[in-house]
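With compact mmCIF, C-alpha atoms inside, this is model32.txt:
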```
# COMPACT_ATOMS: atom_id res chain seq x y z
CA MET F 1 -3.50 1.34 4.90
CA THR F 2 -5.57 -1.26 3.12
CA TYR F 3 -9.33 -1.63 3.26
CA GLU F 4 -10.91 -4.92 4.39
CA ILE F 5 -13.73 -5.82 2.06
CA HIS F 6 -15.51 -8.08 4.51
CA PRO F 7 -15.11 -8.96 8.18
CA ASP F 8 -14.20 -12.63 7.79
CA PRO F 9 -10.53 -12.84 6.76
CA ASP F 10 -10.86 -16.54 5.93
CA LEU F 11 -13.67 -15.93 3.45
CA GLU F 12 -12.45 -15.70 -0.12
CA LEU F 13 -14.58 -14.11 -2.82
CA GLU F 14 -14.85 -15.85 -6.14
CA ASP F 15 -13.72 -14.14 -9.34
CA ASP F 16 -17.29 -13.26 -10.28
CA GLU F 17 -18.28 -11.90 -6.87
CA GLU F 18 -18.16 -8.20 -6.11
CA GLU F 19 -18.53 -6.93 -2.56
CA GLU F 20 -21.25 -4.29 -2.46
CA ASP F 21 -20.12 -0.78 -1.55
CA ASP F 22 -22.91 1.78 -1.53
CA ARG F 23 -20.75 4.70 -0.35
CA PRO F 24 -20.71 7.61 -2.81
CA ILE F 25 -17.47 8.30 -4.65
CA VAL F 26 -16.21 11.74 -3.63
CA LEU F 27 -14.56 13.47 -6.59
CA LYS F 28 -11.85 16.02 -5.86
CA SER F 29 -11.30 19.47 -7.36
CA ARG F 30 -7.90 20.47 -8.76
CA GLU F 31 -7.28 22.50 -5.61
CA GLU F 32 -8.09 19.53 -3.39
CA ILE F 33 -5.86 17.27 -5.47
CA GLU F 34 -2.94 19.65 -4.91
CA LEU F 35 -3.57 19.55 -1.15
CA MET F 36 -3.58 15.77 -1.37
CA ARG F 37 -0.32 15.87 -3.30
CA GLU F 38 1.22 17.72 -0.36
CA SER F 39 0.06 15.01 2.06
CA ALA F 40 1.27 12.26 -0.26
CA GLN F 41 4.66 13.88 -0.66
CA ILE F 42 5.07 14.06 3.11
CA VAL F 43 4.53 10.30 3.18
CA SER F 44 7.01 9.89 0.32
CA ARG F 45 9.69 11.80 2.20
CA THR F 46 8.91 9.89 5.38
CA LEU F 47 9.48 6.60 3.57
CA GLY F 48 12.80 8.04 2.39
CA VAL F 49 13.77 8.75 6.01
CA VAL F 50 12.79 5.20 6.97
CA ALA F 51 14.75 3.78 4.02
CA GLU F 52 17.92 5.46 5.26
CA ALA F 53 17.53 3.83 8.69
CA ILE F 54 16.64 0.28 7.70
CA GLU F 55 19.45 -2.17 8.45
CA PRO F 56 19.94 -5.35 10.46
CA GLY F 57 19.58 -4.69 14.19
CA VAL F 58 17.16 -1.77 13.86
CA THR F 59 13.77 -2.28 15.51
CA PRO F 60 10.43 -1.51 13.88
CA LEU F 61 9.56 0.67 16.88
CA HIS F 62 12.63 2.81 16.15
CA LEU F 63 11.49 3.25 12.55
CA ASP F 64 8.01 4.12 13.81
CA LYS F 65 9.41 6.87 16.03
CA LEU F 66 11.50 8.29 13.18
CA ALA F 67 8.40 8.41 10.98
CA GLU F 68 6.19 10.06 13.58
CA ASP F 69 8.80 12.70 14.35
CA TYR F 70 9.33 13.51 10.68
CA ILE F 71 5.61 13.69 9.86
CA ARG F 72 5.01 16.09 12.73
CA SER F 73 8.02 18.20 11.67
CA GLN F 74 6.20 18.78 8.38
CA GLY F 75 3.14 20.25 10.08
CA ALA F 76 1.15 17.07 9.54
CA GLU F 77 -0.27 14.35 11.77
CA PRO F 78 0.47 10.63 11.49
CA GLY F 79 -2.46 9.30 9.51
CA PHE F 80 -2.56 5.85 11.06
CA LEU F 81 -1.96 6.67 14.73
CA GLY F 82 -5.28 6.09 16.51
CA LEU F 83 -7.13 5.33 13.27
CA TYR F 84 -9.50 2.45 14.10
CA ASP F 85 -7.48 2.35 17.35
CA PHE F 86 -4.28 1.39 15.53
CA PRO F 87 -1.47 1.99 18.06
CA ASN F 88 1.34 3.31 15.83
CA SER F 89 2.27 5.67 13.00
CA LEU F 90 3.53 2.94 10.66
CA CYS F 91 2.24 -0.46 9.69
CA ILE F 92 5.41 -2.58 9.53
CA SER F 93 4.87 -6.09 8.19
CA VAL F 94 7.86 -8.44 8.26
CA ASN F 95 8.42 -11.43 5.94
CA GLU F 96 5.21 -13.53 5.94
CA ALA F 97 3.19 -10.59 7.30
CA ILE F 98 1.18 -9.10 4.45
CA ILE F 99 -0.18 -5.87 5.92
CA HIS F 100 -1.13 -4.02 9.12
CA GLY F 101 1.86 -5.22 11.13
CA VAL F 102 2.19 -3.54 14.54
CA PRO F 103 5.76 -2.30 15.12
CA THR F 104 7.67 -4.25 17.80
CA ASP F 105 11.01 -4.06 19.56
CA LYS F 106 12.26 -7.22 17.82
CA PRO F 107 15.37 -6.24 15.80
CA LEU F 108 15.31 -6.75 12.06
CA LYS F 109 17.77 -9.32 10.77
CA GLU F 110 19.73 -9.85 7.58
CA GLY F 111 17.50 -11.34 4.89
CA ASP F 112 14.19 -9.98 6.21
CA ILE F 113 11.80 -8.01 4.07
CA ILE F 114 9.50 -5.40 5.58
CA SER F 115 6.48 -3.66 4.15
CA VAL F 116 6.30 -0.12 5.52
CA ASP F 117 2.86 1.46 5.08
CA CYS F 118 2.62 5.11 6.09
CA GLY F 119 -0.07 7.78 6.27
CA ALA F 120 -0.08 11.53 6.87
CA LEU F 121 -2.93 13.98 7.41
CA LYS F 122 -2.49 17.63 6.47
CA ASN F 123 -4.94 20.33 5.40
CA GLY F 124 -7.75 17.87 6.05
CA PHE F 125 -6.56 15.31 3.49
CA TYR F 126 -4.72 12.02 3.77
CA GLY F 127 -1.68 10.66 2.00
CA ASP F 128 -1.16 6.90 2.23
CA HIS F 129 1.38 4.71 0.50
CA ALA F 130 3.78 1.84 1.02
CA PHE F 131 7.07 0.24 0.01
CA THR F 132 8.56 -3.17 0.76
CA PHE F 133 12.23 -3.07 1.73
CA ALA F 134 15.01 -5.63 1.82
CA VAL F 135 16.99 -5.77 5.06
CA GLY F 136 20.56 -6.35 3.98
CA GLN F 137 20.96 -9.11 1.41
CA ILE F 138 17.89 -11.20 0.63
CA GLU F 139 17.34 -14.41 -1.34
CA SER F 140 17.08 -13.95 -5.08
CA LYS F 141 13.60 -15.50 -5.15
CA VAL F 142 12.40 -12.95 -2.58
CA GLU F 143 14.03 -10.11 -4.48
CA LYS F 144 12.09 -11.29 -7.53
CA LEU F 145 8.82 -11.13 -5.54
CA LEU F 146 9.55 -7.51 -4.63
CA ARG F 147 10.44 -6.62 -8.21
CA VAL F 148 7.30 -8.24 -9.64
CA THR F 149 5.02 -6.65 -7.04
CA ARG F 150 6.40 -3.18 -7.72
CA LYS F 151 5.85 -3.79 -11.44
CA CYS F 152 2.26 -4.84 -10.65
CA LEU F 153 1.77 -1.38 -9.13
CA ASP F 154 3.24 0.34 -12.19
CA LEU F 155 0.98 -1.65 -14.52
CA GLY F 156 -2.08 -0.98 -12.40
CA VAL F 157 -1.41 2.76 -12.32
CA LYS F 158 -1.14 2.87 -16.12
CA GLU F 159 -4.69 1.52 -16.35
CA ALA F 160 -6.12 4.33 -14.17
CA VAL F 161 -7.52 6.14 -17.19
CA ALA F 162 -10.91 7.82 -17.53
CA GLY F 163 -13.27 5.49 -19.38
CA HIS F 164 -11.62 2.38 -17.99
CA THR F 165 -12.98 0.67 -14.90
CA ILE F 166 -11.35 -0.33 -11.63
CA GLY F 167 -11.36 -3.80 -13.18
CA HIS F 168 -8.72 -2.67 -15.69
CA ILE F 169 -6.41 -1.83 -12.77
CA ALA F 170 -7.25 -5.07 -10.99
CA ASN F 171 -6.77 -7.23 -14.07
CA ALA F 172 -3.36 -5.75 -14.87
CA ILE F 173 -2.17 -6.47 -11.33
CA GLN F 174 -3.61 -9.98 -11.18
CA THR F 175 -2.36 -11.00 -14.60
CA HIS F 176 1.22 -9.91 -13.97
CA ALA F 177 1.39 -11.53 -10.52
CA GLU F 178 -0.15 -14.81 -11.60
CA ASN F 179 2.13 -15.00 -14.64
CA TYR F 180 4.89 -15.55 -12.08
CA GLY F 181 2.88 -18.06 -10.06
CA TYR F 182 2.22 -15.70 -7.17
CA GLY F 183 -0.94 -15.38 -5.11
CA VAL F 184 -3.01 -12.18 -5.10
CA VAL F 185 -4.53 -11.11 -1.78
CA ARG F 186 -8.30 -10.87 -2.17
CA GLU F 187 -9.62 -10.07 1.30
CA PHE F 188 -7.95 -6.65 1.44
CA VAL F 189 -8.06 -4.02 -1.28
CA GLY F 190 -6.98 -0.54 -2.26
CA HIS F 191 -9.43 2.30 -1.88
CA GLY F 192 -10.43 5.85 -2.63
CA LEU F 193 -8.63 8.49 -0.60
CA GLY F 194 -9.47 11.99 0.57
CA ARG F 195 -10.73 13.56 3.78
CA ASP F 196 -11.22 9.99 4.97
CA MET F 197 -8.50 7.36 4.82
CA HIS F 198 -10.85 4.85 3.23
CA GLU F 199 -13.32 6.16 0.68
CA ALA F 200 -15.10 4.57 -2.24
CA PRO F 201 -14.31 2.97 -4.59
CA GLN F 202 -12.76 -0.27 -3.43
CA ILE F 203 -9.83 -1.34 -5.61
CA PRO F 204 -9.36 -5.11 -5.66
CA ASN F 205 -6.15 -6.55 -7.08
CA TYR F 206 -8.02 -9.16 -9.08
CA GLY F 207 -10.85 -9.03 -11.58
CA ARG F 208 -11.76 -8.54 -15.22
CA LYS F 209 -11.59 -5.46 -17.40
CA GLY F 210 -15.01 -3.85 -17.13
CA ASP F 211 -15.55 -4.95 -13.52
CA TYR F 212 -16.33 -2.53 -10.71
CA ASP F 213 -16.68 1.27 -10.96
CA GLU F 214 -15.91 3.40 -13.99
CA ILE F 215 -12.86 5.64 -13.63
CA VAL F 216 -13.57 9.36 -14.04
CA ASP F 217 -11.75 12.65 -13.58
CA GLY F 218 -11.46 13.77 -9.98
CA MET F 219 -11.04 10.31 -8.47
CA VAL F 220 -8.10 9.85 -6.11
CA LEU F 221 -7.12 6.22 -5.67
CA ALA F 222 -4.80 4.34 -3.34
CA ILE F 223 -3.65 1.49 -5.59
CA GLU F 224 -1.82 -1.17 -3.59
CA PRO F 225 -1.01 -4.66 -4.84
CA MET F 226 -0.40 -7.19 -2.07
CA ILE F 227 1.26 -10.23 -3.60
CA ASN F 228 2.21 -13.49 -1.89
CA MET F 229 4.88 -15.96 -2.89
CA GLY F 230 2.29 -18.53 -1.84
CA VAL F 231 -1.46 -18.28 -2.10
CA LYS F 232 -3.34 -17.98 1.20
CA GLU F 233 -3.53 -15.57 4.11
CA MET F 234 -5.03 -15.31 7.59
CA VAL F 235 -5.22 -12.87 10.50
CA SER F 236 -2.79 -13.35 13.38
CA LYS F 237 -3.62 -13.25 17.07
CA ASP F 238 -2.88 -9.55 17.55
CA HIS F 239 -6.04 -8.78 15.53
CA TRP F 240 -4.08 -6.49 13.21
CA THR F 241 -1.25 -8.28 11.42
CA VAL F 242 -2.38 -10.27 8.38
CA VAL F 243 0.05 -13.12 7.67
CA THR F 244 0.35 -15.81 5.02
CA ALA F 245 -1.02 -19.16 6.16
CA ASP F 246 1.87 -21.00 4.52
CA GLY F 247 4.55 -18.78 6.05
CA LYS F 248 5.87 -17.64 2.66
CA PRO F 249 6.88 -14.00 2.09
CA SER F 250 4.52 -11.28 0.92
CA ALA F 251 5.18 -7.90 -0.71
CA HIS F 252 3.16 -4.68 -0.75
CA PHE F 253 3.61 -1.46 -2.72
CA GLU F 254 1.22 1.49 -2.90
CA HIS F 255 0.81 4.81 -4.70
CA ASN F 256 -1.78 7.60 -4.52
CA VAL F 257 -3.12 8.42 -7.97
CA ALA F 258 -5.45 11.22 -9.10
CA ILE F 259 -7.29 11.14 -12.40
CA VAL F 260 -6.61 14.48 -14.11
CA ASN F 261 -7.54 15.23 -17.73
CA GLY F 262 -8.38 11.58 -18.11
CA LYS F 263 -4.92 10.33 -17.13
CA PRO F 264 -3.24 9.07 -13.96
CA ASP F 265 -1.34 11.72 -11.99
CA ILE F 266 0.80 9.99 -9.34
CA LEU F 267 0.70 12.18 -6.22
CA SER F 268 3.24 10.09 -4.31
CA THR F 269 6.77 9.15 -5.35
CA PHE F 270 9.38 6.51 -4.59
CA ASP F 271 12.19 8.90 -5.58
CA HIS F 272 13.20 9.53 -1.95
CA VAL F 273 13.29 5.80 -1.23
CA ASP F 274 15.23 5.03 -4.39
CA GLU F 275 17.77 7.76 -3.61
CA ALA F 276 18.28 6.44 -0.08
CA LEU F 277 18.77 2.92 -1.41
CA ARG F 278 21.24 4.13 -4.06
CA LYS F 279 23.32 5.73 -1.32
CA LYS F 280 23.43 2.35 0.35
CA GLY F 281 24.52 0.70 -2.88
CA ARG F 282 21.21 -1.09 -3.38
```
Rewrite the coordinates I just gave you, this time as structure tokens.
Amino acid sequence: MTYEIHPDPDLELEDDEEEEDDRPIVLKSREEIELMRESAQIVSRTLGVVAEAIEPGVTPLHLDKLAEDYIRSQGAEPGFLGLYDFPNSLCISVNEAIIHGVPTDKPLKEGDIISVDCGALKNGFYGDHAFTFAVGQIESKVEKLLRVTRKCLDLGVKEAVAGHTIGHIANAIQTHAENYGYGVVREFVGHGLGRDMHEAPQIPNYGRKGDYDEIVDGMVLAIEPMINMGVKEMVSKDHWTVVTADGKPSAHFEHNVAIVNGKPDILSTFDHVDEALRKKGR
């Protein structure tokens, strides 16, 4: 679940502006990181369960129920349910919805894309990551958006190295997305993760190398590029779902990454999703 960097969703920060965040960064021990890996892996498996069920005609509320049941079967609690009064276990954002979509009973249709953002809480620590799925066959230009956004995540993770700054992650994501003419969401950012869903530091998806906080061992980061085919976004009337103002599609991918021995250690995985999609011939 993304972190809103300021309360006005129509306010866009300039490239040289940095939202102040005076919360301390809570570094994690090796033991705590392993507990967080367990939470992240529960989310990973949950996304695999959801991937198996996604098809035209399925409702987001059905997917939400599958996710909640699976998370609880693993001895964990849904991380989003009730958080900030969010009403469901999954954020499901369809097509032009960027993030924080509230699951509905409206069936998915051929050609849709849906971002599924999932959280789990176990042993006092959160896991939180996301994947954007195609529903049936989608347009080639939309498939390209998904492919580029997932690559943005991979490139950002590679920059999560001790001695770099959060700006190295942000710059890698921004540069790759903008090379394809896509818009980078600025009002919502990735975040630190731990006993709280949203911890310091904030992780924007735009910026310069050297910007923001220095990366050090013990950080656990939720890195999550949100990339629009267009450029602008706004908040819809349900006060949760953030949608593109131009109605163009948006994609969202997220991993949980710990910094261990100076290098990124990805606690989450898309292996379960990829296996489910392979079984479907995707």
For Phe80 in chain F, the nearest of the candidates F:Arg30, F:His198, F:Arg23, F:Lys144, counting only C-alpha atoms: F:His198
Neighbour list for range 257-273 of chain F as a PyMOL selection string, cut-off 8 Å, all atoms listed in the file, skip fewer than 3 positions in-chain: chain F and resi 33+36-37+40-41+43-45+47-49+51-52+129+157-158+160-163+215-223+276-277
Which polymer residues have any atom within 7 Å of an atom of Tyr126 in chain F, counting all atoms listed in the file, with same-chain residues fewer than 6 positions away left out, as an mmCIF file with C-alpha atoms, keeping the file's coordinate frame?
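The result, written out as around.cif:
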```cif
data_model
loop_
_atom_site.group_PDB
_atom_site.id
_atom_site.type_symbol
_atom_site.label_atom_id
_atom_site.label_comp_id
_atom_site.auth_asym_id
_atom_site.auth_seq_id
_atom_site.Cartn_x
_atom_site.Cartn_y
_atom_site.Cartn_z
ATOM 1 C CA MET F 36 -3.580 15.770 -1.370
ATOM 2 C CA SER F 39 0.060 15.010 2.060
ATOM 3 C CA GLY F 79 -2.460 9.300 9.510
ATOM 4 C CA GLY F 119 -0.070 7.780 6.270
ATOM 5 C CA ALA F 120 -0.080 11.530 6.870
ATOM 6 C CA LEU F 193 -8.630 8.490 -0.600
ATOM 7 C CA GLY F 194 -9.470 11.990 0.570
ATOM 8 C CA ARG F 195 -10.730 13.560 3.780
ATOM 9 C CA ASP F 196 -11.220 9.990 4.970
ATOM 10 C CA MET F 197 -8.500 7.360 4.820
#
```
Selected residue, from F:Ala200, F:Val26, F:Ile98, F:Leu108, that lies nearest to Lys248 in chain F when counting all atoms listed in the file: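 Nearest candidate to Lys248 in chain F out of F:Ala200, F:Val26, F:Ile98, F:Leu108: F:Ile98.
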Å distance separating CA of Glu187 in chain F from CA of Thr59 in chain F, one decimal place: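 These atoms are spaced 28.5 Å apart.
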Shell around Asn179 in chain F at 12 Å using all atoms listed in the file, local window under 6 positions removed, as a PyMOL selection string: chain F and resi 145+148-149+152+171-173
Given all atoms listed in the file as the counted atoms, nearest of F:Lys232, F:His239, F:Arg208, F:Arg72 to Tyr182 in chain F: F:Lys232
Exercise: Glu68 in chain F partners within 8 Å, only C-alpha atoms, chain neighbours under 3 positions left out, as a PyMOL selection string: chain F and resi 64-65+71-72+77-78+89
Selection: 9 Å around Val243 in chain F, only C-alpha atoms, excl. self and same-chain fewer than 2 positions, as a list in words: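 My reading of the contact set: Ser93, Asn95, Glu96, Ala97, Ile98, Ile99, Gly101, Lys232, Glu233, Met234, Val235, Ser236, Thr241, Ala245, Asp246, Gly247, Lys248, Pro249 and Ser250 of chain F.
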Would you export the selected residues with C-alpha atoms as a short mmCIF file (atom, residue, chain, number, x, y, z; two decimals), in the coordinates of the input, please?
```cif
data_model
loop_
_atom_site.label_atom_id
_atom_site.label_comp_id
_atom_site.auth_asym_id
_atom_site.auth_seq_id
_atom_site.Cartn_x
_atom_site.Cartn_y
_atom_site.Cartn_z
CA SER F 93 4.87 -6.09 8.19
CA ASN F 95 8.42 -11.43 5.94
CA GLU F 96 5.21 -13.53 5.94
CA ALA F 97 3.19 -10.59 7.30
CA ILE F 98 1.18 -9.10 4.45
CA ILE F 99 -0.18 -5.87 5.92
CA GLY F 101 1.86 -5.22 11.13
CA LYS F 232 -3.34 -17.98 1.20
CA GLU F 233 -3.53 -15.57 4.11
CA MET F 234 -5.03 -15.31 7.59
CA VAL F 235 -5.22 -12.87 10.50
CA SER F 236 -2.79 -13.35 13.38
CA THR F 241 -1.25 -8.28 11.42
CA ALA F 245 -1.02 -19.16 6.16
CA ASP F 246 1.87 -21.00 4.52
CA GLY F 247 4.55 -18.78 6.05
CA LYS F 248 5.87 -17.64 2.66
CA PRO F 249 6.88 -14.00 2.09
CA SER F 250 4.52 -11.28 0.92
#
```
F:Pro60, F:Leu83, F:Glu139, F:Asn228 ranked by distance to Gly181 in chain F, top pick (using all atoms listed in the file): F:Asn228
Distance of CA of Leu81 in chain F from CA of Met229 in chain F, expressed in Å to one decimal place: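 For CA of Met229 in chain F relative to CA of Leu81 in chain F, the distance reads 29.5 Å.
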Using only C-alpha atoms, collect all residues at a distance of at most 9 Å from (3.1, 0.0, 4.2) as written in the file, then present them as a CSV table (one decimal) with C-alpha atoms, in the frame of the given file.
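Resulting contents of result00.csv:
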```csv
chain,number,residue,atom,x,y,z
F,1,MET,CA,-3.5,1.3,4.9
F,2,THR,CA,-5.6,-1.3,3.1
F,90,LEU,CA,3.5,2.9,10.7
F,91,CYS,CA,2.2,-0.5,9.7
F,92,ILE,CA,5.4,-2.6,9.5
F,93,SER,CA,4.9,-6.1,8.2
F,99,ILE,CA,-0.2,-5.9,5.9
F,100,HIS,CA,-1.1,-4.0,9.1
F,101,GLY,CA,1.9,-5.2,11.1
F,114,ILE,CA,9.5,-5.4,5.6
F,115,SER,CA,6.5,-3.7,4.2
F,116,VAL,CA,6.3,-0.1,5.5
F,117,ASP,CA,2.9,1.5,5.1
F,118,CYS,CA,2.6,5.1,6.1
F,119,GLY,CA,-0.1,7.8,6.3
F,128,ASP,CA,-1.2,6.9,2.2
F,129,HIS,CA,1.4,4.7,0.5
F,130,ALA,CA,3.8,1.8,1.0
F,131,PHE,CA,7.1,0.2,0.0
F,132,THR,CA,8.6,-3.2,0.8
F,252,HIS,CA,3.2,-4.7,-0.8
F,253,PHE,CA,3.6,-1.5,-2.7
F,254,GLU,CA,1.2,1.5,-2.9
```
Computed interatomic separation between CA of Thr244 in chain F and CA of Val185 in chain F (Å): 9.6 Å
Nearest to Ala76 in chain F, chosen from F:Asp112, F:Asp22, F:Glu38, F:Glu55, with all atoms listed in the file counted in the distances: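 With all atoms listed in the file as the atom set, the closest residue is F:Glu38.
Using all atoms listed in the file, the nearest neighbour of Ala177 in chain F within the list F:Pro225, F:Glu143, F:Pro204, F:Tyr212 is F:Pro225.
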Write out N, CA and C atoms for range 68-85 of chain F, as an mmCIF file, in the frame of the given file.
```cif
data_model
loop_
_atom_site.group_PDB
_atom_site.id
_atom_site.type_symbol
_atom_site.label_atom_id
_atom_site.label_comp_id
_atom_site.auth_asym_id
_atom_site.auth_seq_id
_atom_site.Cartn_x
_atom_site.Cartn_y
_atom_site.Cartn_z
ATOM 1 N N GLU F 68 7.090 9.132 12.878
ATOM 2 C CA GLU F 68 6.190 10.060 13.580
ATOM 3 C C GLU F 68 6.845 11.425 13.749
ATOM 4 N N ASP F 69 8.103 11.430 14.158
ATOM 5 C CA ASP F 69 8.800 12.700 14.350
ATOM 6 C C ASP F 69 8.893 13.484 13.050
ATOM 7 N N TYR F 70 9.193 12.799 11.956
ATOM 8 C CA TYR F 70 9.330 13.510 10.680
ATOM 9 C C TYR F 70 7.978 14.054 10.215
ATOM 10 N N ILE F 71 6.939 13.242 10.294
ATOM 11 C CA ILE F 71 5.610 13.690 9.860
ATOM 12 C C ILE F 71 5.199 14.945 10.628
ATOM 13 N N ARG F 72 5.398 14.934 11.928
ATOM 14 C CA ARG F 72 5.010 16.090 12.730
ATOM 15 C C ARG F 72 5.885 17.304 12.403
ATOM 16 N N SER F 73 7.143 17.075 12.032
ATOM 17 C CA SER F 73 8.020 18.200 11.670
ATOM 18 C C SER F 73 7.552 18.893 10.408
ATOM 19 N N GLN F 74 6.713 18.214 9.621
ATOM 20 C CA GLN F 74 6.200 18.780 8.380
ATOM 21 C C GLN F 74 4.836 19.449 8.560
ATOM 22 N N GLY F 75 4.431 19.623 9.806
ATOM 23 C CA GLY F 75 3.140 20.250 10.080
ATOM 24 C C GLY F 75 1.963 19.357 9.810
ATOM 25 N N ALA F 76 2.207 18.053 9.798
ATOM 26 C CA ALA F 76 1.150 17.070 9.540
ATOM 27 C C ALA F 76 0.995 16.171 10.758
ATOM 28 N N GLU F 77 -0.036 15.340 10.722
ATOM 29 C CA GLU F 77 -0.270 14.350 11.770
ATOM 30 C C GLU F 77 -0.097 12.962 11.182
ATOM 31 N N PRO F 78 0.423 12.019 11.966
ATOM 32 C CA PRO F 78 0.470 10.630 11.490
ATOM 33 C C PRO F 78 -0.936 10.142 11.158
ATOM 34 N N GLY F 79 -1.123 9.668 9.945
ATOM 35 C CA GLY F 79 -2.460 9.300 9.510
ATOM 36 C C GLY F 79 -3.006 8.029 10.102
ATOM 37 N N PHE F 80 -2.112 7.141 10.543
ATOM 38 C CA PHE F 80 -2.560 5.850 11.060
ATOM 39 C C PHE F 80 -2.735 5.853 12.578
ATOM 40 N N LEU F 81 -1.995 6.697 13.277
ATOM 41 C CA LEU F 81 -1.960 6.670 14.730
ATOM 42 C C LEU F 81 -3.357 6.947 15.297
ATOM 43 N N GLY F 82 -3.941 5.949 15.936
ATOM 44 C CA GLY F 82 -5.280 6.090 16.510
ATOM 45 C C GLY F 82 -6.402 5.777 15.537
ATOM 46 N N LEU F 83 -6.094 5.638 14.253
ATOM 47 C CA LEU F 83 -7.130 5.330 13.270
ATOM 48 C C LEU F 83 -7.630 3.904 13.493
ATOM 49 N N TYR F 84 -8.922 3.752 13.730
ATOM 50 C CA TYR F 84 -9.500 2.450 14.100
ATOM 51 C C TYR F 84 -8.786 1.871 15.321
ATOM 52 N N ASP F 85 -8.228 2.739 16.157
ATOM 53 C CA ASP F 85 -7.480 2.350 17.350
ATOM 54 C C ASP F 85 -6.138 1.696 17.037
#
```
